[in-house]
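Note: the block below is upload_17.pdb and it holds PDB, C-alpha atoms, pLDDT in the B column.
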```pdb
ATOM      1  CA  ARG A 397      28.676  29.066  51.648  1.00 70.00           C
ATOM      2  CA  ASN A 398      25.580  31.094  52.477  1.00 79.00           C
ATOM      3  CA  GLN A 399      27.127  34.116  50.737  1.00 86.00           C
ATOM      4  CA  ALA A 400      27.721  32.067  47.593  1.00 87.00           C
ATOM      5  CA  VAL A 401      24.112  30.861  47.681  1.00 86.00           C
ATOM      6  CA  ASP A 402      22.951  34.467  48.107  1.00 84.00           C
ATOM      7  CA  ARG A 403      25.072  35.591  45.131  1.00 87.00           C
ATOM      8  CA  LEU A 404      23.667  32.799  42.971  1.00 85.00           C
ATOM      9  CA  ALA A 405      20.135  33.745  44.017  1.00 85.00           C
ATOM     10  CA  ALA A 406      20.833  37.377  43.088  1.00 86.00           C
ATOM     11  CA  LEU A 407      22.132  36.305  39.648  1.00 84.00           C
ATOM     12  CA  LEU A 408      19.106  34.087  39.167  1.00 85.00           C
ATOM     13  CA  ALA A 409      16.844  37.029  40.037  1.00 86.00           C
ATOM     14  CA  GLN A 410      18.382  38.962  37.101  1.00 86.00           C
ATOM     15  CA  SER A 411      17.551  36.130  34.723  1.00 86.00           C
ATOM     16  CA  ALA A 412      14.205  35.098  33.305  1.00 84.00           C
ATOM     17  CA  ALA A 413      13.955  32.198  35.773  1.00 89.00           C
ATOM     18  CA  PRO A 414      10.530  31.406  37.190  1.00 90.00           C
ATOM     19  CA  THR A 415       9.709  32.696  40.655  1.00 89.00           C
ATOM     20  CA  SER A 416       9.227  29.145  41.928  1.00 92.00           C
ATOM     21  CA  LEU A 417      12.801  28.239  40.925  1.00 91.00           C
ATOM     22  CA  MET A 418      14.190  31.373  42.587  1.00 88.00           C
ATOM     23  CA  ALA A 419      12.326  30.423  45.773  1.00 90.00           C
ATOM     24  CA  ALA A 420      13.373  26.735  45.783  1.00 92.00           C
ATOM     25  CA  LEU A 421      17.020  27.006  44.693  1.00 90.00           C
ATOM     26  CA  PRO A 422      18.547  28.602  47.825  1.00 90.00           C
ATOM     27  CA  ALA A 423      17.139  25.850  50.045  1.00 89.00           C
ATOM     28  CA  ALA A 424      18.233  23.140  47.566  1.00 92.00           C
ATOM     29  CA  LEU A 425      21.784  24.481  47.398  1.00 89.00           C
ATOM     30  CA  LYS A 426      22.082  24.498  51.192  1.00 88.00           C
ATOM     31  CA  GLU A 427      21.528  20.720  51.297  1.00 89.00           C
ATOM     32  CA  ARG A 428      24.572  18.494  50.965  1.00 90.00           C
ATOM     33  CA  PRO A 429      24.775  16.893  47.509  1.00 90.00           C
ATOM     34  CA  GLU A 430      24.560  13.380  48.909  1.00 91.00           C
ATOM     35  CA  ALA A 431      21.459  14.262  50.953  1.00 91.00           C
ATOM     36  CA  ARG A 432      19.494  15.760  48.051  1.00 92.00           C
ATOM     37  CA  GLY A 433      16.334  14.038  46.905  1.00 94.00           C
ATOM     38  CA  ALA A 434      15.064  13.750  43.332  1.00 95.00           C
ATOM     39  CA  PHE A 435      13.139  17.041  43.532  1.00 95.00           C
ATOM     40  CA  THR A 436      16.106  18.901  45.026  1.00 94.00           C
ATOM     41  CA  VAL A 437      18.424  17.516  42.320  1.00 95.00           C
ATOM     42  CA  ARG A 438      15.966  18.697  39.650  1.00 95.00           C
ATOM     43  CA  VAL A 439      15.808  22.140  41.276  1.00 94.00           C
ATOM     44  CA  VAL A 440      19.615  22.394  41.271  1.00 94.00           C
ATOM     45  CA  ASP A 441      19.775  21.191  37.627  1.00 95.00           C
ATOM     46  CA  ALA A 442      17.085  23.707  36.629  1.00 95.00           C
ATOM     47  CA  GLY A 443      18.990  26.443  38.490  1.00 93.00           C
ATOM     48  CA  GLU A 444      22.203  25.537  36.651  1.00 92.00           C
ATOM     49  CA  ALA A 445      20.352  25.545  33.328  1.00 94.00           C
ATOM     50  CA  ALA A 446      18.761  28.930  34.079  1.00 93.00           C
ATOM     51  CA  LEU A 447      22.112  30.434  35.087  1.00 91.00           C
ATOM     52  CA  ALA A 448      23.798  28.968  31.996  1.00 93.00           C
ATOM     53  CA  ALA A 449      21.060  30.431  29.787  1.00 93.00           C
ATOM     54  CA  HIS A 450      21.460  33.786  31.525  1.00 92.00           C
ATOM     55  CA  ILE A 451      25.234  33.684  31.034  1.00 92.00           C
ATOM     56  CA  ASP A 452      24.729  32.861  27.332  1.00 94.00           C
ATOM     57  CA  LEU A 453      22.302  35.749  27.003  1.00 93.00           C
ATOM     58  CA  MET A 454      24.707  38.154  28.706  1.00 93.00           C
ATOM     59  CA  SER A 455      27.567  36.911  26.495  1.00 96.00           C
ATOM     60  CA  THR A 456      25.464  37.529  23.401  1.00 97.00           C
ATOM     61  CA  GLN A 457      24.550  40.998  24.647  1.00 97.00           C
ATOM     62  CA  ILE A 458      28.220  41.761  25.300  1.00 98.00           C
ATOM     63  CA  GLU A 459      29.153  40.636  21.784  1.00 97.00           C
ATOM     64  CA  GLU A 460      26.351  42.751  20.318  1.00 98.00           C
ATOM     65  CA  ALA A 461      27.486  45.746  22.373  1.00 98.00           C
ATOM     66  CA  ARG A 462      31.069  45.291  21.158  1.00 98.00           C
ATOM     67  CA  ALA A 463      29.867  45.059  17.556  1.00 97.00           C
ATOM     68  CA  GLU A 464      27.808  48.224  18.054  1.00 98.00           C
ATOM     69  CA  GLU A 465      30.842  49.918  19.591  1.00 98.00           C
ATOM     70  CA  ALA A 466      32.936  48.941  16.557  1.00 98.00           C
ATOM     71  CA  ARG A 467      30.251  50.331  14.229  1.00 98.00           C
ATOM     72  CA  ALA A 468      30.195  53.532  16.265  1.00 98.00           C
ATOM     73  CA  HIS A 469      33.995  53.838  16.039  1.00 97.00           C
ATOM     74  CA  GLU A 470      33.785  53.349  12.264  1.00 97.00           C
ATOM     75  CA  ALA A 471      31.064  55.991  12.035  1.00 98.00           C
ATOM     76  CA  VAL A 472      33.183  58.405  14.070  1.00 98.00           C
ATOM     77  CA  ALA A 473      36.173  57.748  11.801  1.00 97.00           C
ATOM     78  CA  ARG A 474      34.039  58.339   8.683  1.00 97.00           C
ATOM     79  CA  ALA A 475      32.608  61.512  10.221  1.00 98.00           C
ATOM     80  CA  GLY A 476      36.138  62.721  10.997  1.00 97.00           C
ATOM     81  CA  ALA A 477      37.206  62.114   7.407  1.00 97.00           C
ATOM     82  CA  ASP A 478      34.087  63.882   6.133  1.00 97.00           C
ATOM     83  CA  LEU A 479      34.800  66.796   8.458  1.00 97.00           C
ATOM     84  CA  ALA A 480      38.374  67.072   7.204  1.00 97.00           C
ATOM     85  CA  ALA A 481      37.175  67.016   3.582  1.00 97.00           C
ATOM     86  CA  ALA A 482      34.536  69.660   4.338  1.00 98.00           C
ATOM     87  CA  ALA A 483      37.139  71.836   6.070  1.00 97.00           C
ATOM     88  CA  GLU A 484      39.383  71.571   3.007  1.00 97.00           C
ATOM     89  CA  ILE A 485      36.491  72.550   0.735  1.00 97.00           C
ATOM     90  CA  GLU A 486      35.654  75.460   3.032  1.00 97.00           C
ATOM     91  CA  THR A 487      39.260  76.692   3.003  1.00 97.00           C
ATOM     92  CA  SER A 488      39.365  76.457  -0.786  1.00 97.00           C
ATOM     93  CA  ALA A 489      36.050  78.296  -1.106  1.00 97.00           C
ATOM     94  CA  GLN A 490      37.221  81.030   1.248  1.00 97.00           C
ATOM     95  CA  GLN A 491      40.407  81.518  -0.767  1.00 97.00           C
ATOM     96  CA  GLU A 492      38.414  81.605  -3.989  1.00 96.00           C
ATOM     97  CA  SER A 493      36.113  84.221  -2.466  1.00 97.00           C
ATOM     98  CA  ILE A 494      39.081  86.330  -1.373  1.00 97.00           C
ATOM     99  CA  ASP A 495      40.637  86.063  -4.848  1.00 96.00           C
ATOM    100  CA  CYS A 496      37.343  87.128  -6.482  1.00 96.00           C
ATOM    101  CA  GLN A 497      36.950  90.042  -4.106  1.00 96.00           C
ATOM    102  CA  ASN A 498      40.518  91.169  -4.847  1.00 96.00           C
ATOM    103  CA  ALA A 499      39.887  90.922  -8.609  1.00 96.00           C
ATOM    104  CA  TRP A 500      36.693  92.943  -8.195  1.00 96.00           C
ATOM    105  CA  LEU A 501      38.577  95.610  -6.234  1.00 96.00           C
ATOM    106  CA  GLU A 502      41.262  95.843  -8.934  1.00 95.00           C
ATOM    107  CA  ALA A 503      38.646  96.085 -11.687  1.00 95.00           C
ATOM    108  CA  ASN A 504      36.687  98.670  -9.720  1.00 92.00           C
ATOM    109  CA  SER A 505      39.850 100.725  -9.138  1.00 90.00           C
ATOM    110  CA  ALA A 506      40.695 100.567 -12.843  1.00 88.00           C
ATOM    111  CA  LEU A 507      37.150 101.632 -13.718  1.00 87.00           C
ATOM    112  CA  ARG A 508      37.311 104.575 -11.312  1.00 83.00           C
ATOM    113  CA  ALA A 509      40.645 105.613 -12.842  1.00 79.00           C
ATOM    114  CA  LEU A 510      39.147 105.470 -16.334  1.00 79.00           C
ATOM    115  CA  GLU A 511      36.033 107.380 -15.299  1.00 78.00           C
ATOM    116  CA  GLY A 512      38.131 110.436 -14.426  1.00 69.00           C
ATOM    117  CA  ARG A 513      39.895 110.674 -17.806  1.00 72.00           C
ATOM    118  CA  ASP A 514      38.846 112.844 -20.719  1.00 73.00           C
ATOM    119  CA  PHE A 515      39.128 110.523 -23.719  1.00 77.00           C
ATOM    120  CA  GLN A 516      38.002 113.121 -26.257  1.00 79.00           C
ATOM    121  CA  GLN A 517      40.869 115.408 -25.340  1.00 80.00           C
ATOM    122  CA  GLN A 518      43.299 112.480 -25.372  1.00 81.00           C
ATOM    123  CA  GLU A 519      41.972 111.410 -28.809  1.00 85.00           C
ATOM    124  CA  ALA A 520      42.474 114.930 -30.138  1.00 86.00           C
ATOM    125  CA  GLU A 521      46.066 115.038 -28.820  1.00 87.00           C
ATOM    126  CA  ILE A 522      46.849 111.655 -30.418  1.00 90.00           C
ATOM    127  CA  ALA A 523      45.251 112.714 -33.721  1.00 92.00           C
ATOM    128  CA  ALA A 524      47.324 115.917 -33.714  1.00 93.00           C
ATOM    129  CA  ALA A 525      50.506 113.951 -33.014  1.00 93.00           C
ATOM    130  CA  VAL A 526      49.712 111.537 -35.875  1.00 93.00           C
ATOM    131  CA  ALA A 527      48.985 114.422 -38.255  1.00 92.00           C
ATOM    132  CA  SER A 528      52.235 116.109 -37.270  1.00 90.00           C
ATOM    133  CA  ALA A 529      54.167 112.909 -37.838  1.00 91.00           C
ATOM    134  CA  ARG A 530      52.578 112.471 -41.325  1.00 89.00           C
ATOM    135  CA  GLU A 531      53.415 116.029 -42.260  1.00 86.00           C
ATOM    136  CA  ARG A 532      57.047 115.502 -41.309  1.00 85.00           C
ATOM    137  CA  LEU A 533      57.166 112.315 -43.332  1.00 84.00           C
ATOM    138  CA  THR A 534      55.711 113.913 -46.415  1.00 84.00           C
ATOM    139  CA  SER A 535      58.118 116.857 -46.206  1.00 78.00           C
ATOM    140  CA  PHE A 536      61.109 114.614 -45.720  1.00 65.00           C
TER     141      PHE A 536
END
```
Please express what this file holds, its structure, as structure tokens.
Amino acid sequence: RNQAVDRLAALLAQSAAPTSLMAALPAALKERPEARGAFTVRVVDAGEAALAAHIDLMSTQIEEARAEEARAHEAVARAGADLAAAAEIETSAQQESIDCQNAWLEANSALRALEGRDFQQQEAEIAAAVASARERLTSF
């Protein structure tokens, strides 16, 4: 019984109960219910009311903490989805970059190949071939 009274006093100390109630309640609870006077009954009633208010407050805080936890889980889920979308965009951008770099390399290789050719000589050879073909056609 004394342990129960001590536990109740400890709970009451966590609440916003007045110091006078915390001091009077342990002694009031140790009296037998039938031996309690009007003051002692009021102390016990006030103690019950204070503990009930404290329990209500703790219940509200628990509900608020659960709601906050749910919001946090939702935020984590949204962040995960955003991360997956960003990763997909990154992969696409990397592939696009690789494709552009490959196209640049091909164009650069083609340019280097063209830079080494002598187009004037090639033009002269083609012109000579065309002239030869015309001459054969006219003599035919």
Item to complete: Enter the distance from atom CA of Glu511 of chain A to atom CA of Ser493 of chain A, in Å, rounded to one decimal.
Response: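 Calculated distance between atom CA of Glu511 of chain A and atom CA of Ser493 of chain A is 26.5 Å.
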Fill in: atom CA of Thr436 of chain A to atom CA of Ala424 of chain A, straight-line distance in Å
5.4 Å
Which residues of segment 451-498 of chain A come within 10 Å of segment 409-419 of chain A, and for each one, what is the closest pair of atoms and their distance in Å to one decimal, counting only C-alpha atoms, sorted by chain and residue number, as CSV?
```
residue,atom,partner,partner_atom,distance
A:Ile451,CA,A:Ser411,CA,8.9
A:Leu453,CA,A:Ser411,CA,9.1
A:Met454,CA,A:Ser411,CA,9.6
```
Item to complete: Could you tell me which of A:Ala448, A:Val401, A:Ala442, A:Ala481 comes closest to Pro422 of chain A if we count all atoms listed in the file?
Response: A:Val401
Discussion item. I'd like the interatomic distance between atom CA of Ala405 of chain A and atom CA of Arg438 of chain A, to a tenth of an Å.
Written reply: 16.2 Å
Taking all atoms of segment 409-421 of chain A that the file lists and extending 8 Å past them on each side, where is the centre of the axis-aligned box and how long are its edges? Answer in Å to one decimal, as lines of an AutoDock Vina configuration file.
```
center_x = 13.8
center_y = 32.8
center_z = 39.5
size_x = 25.2
size_y = 28.2
size_z = 28.5
```
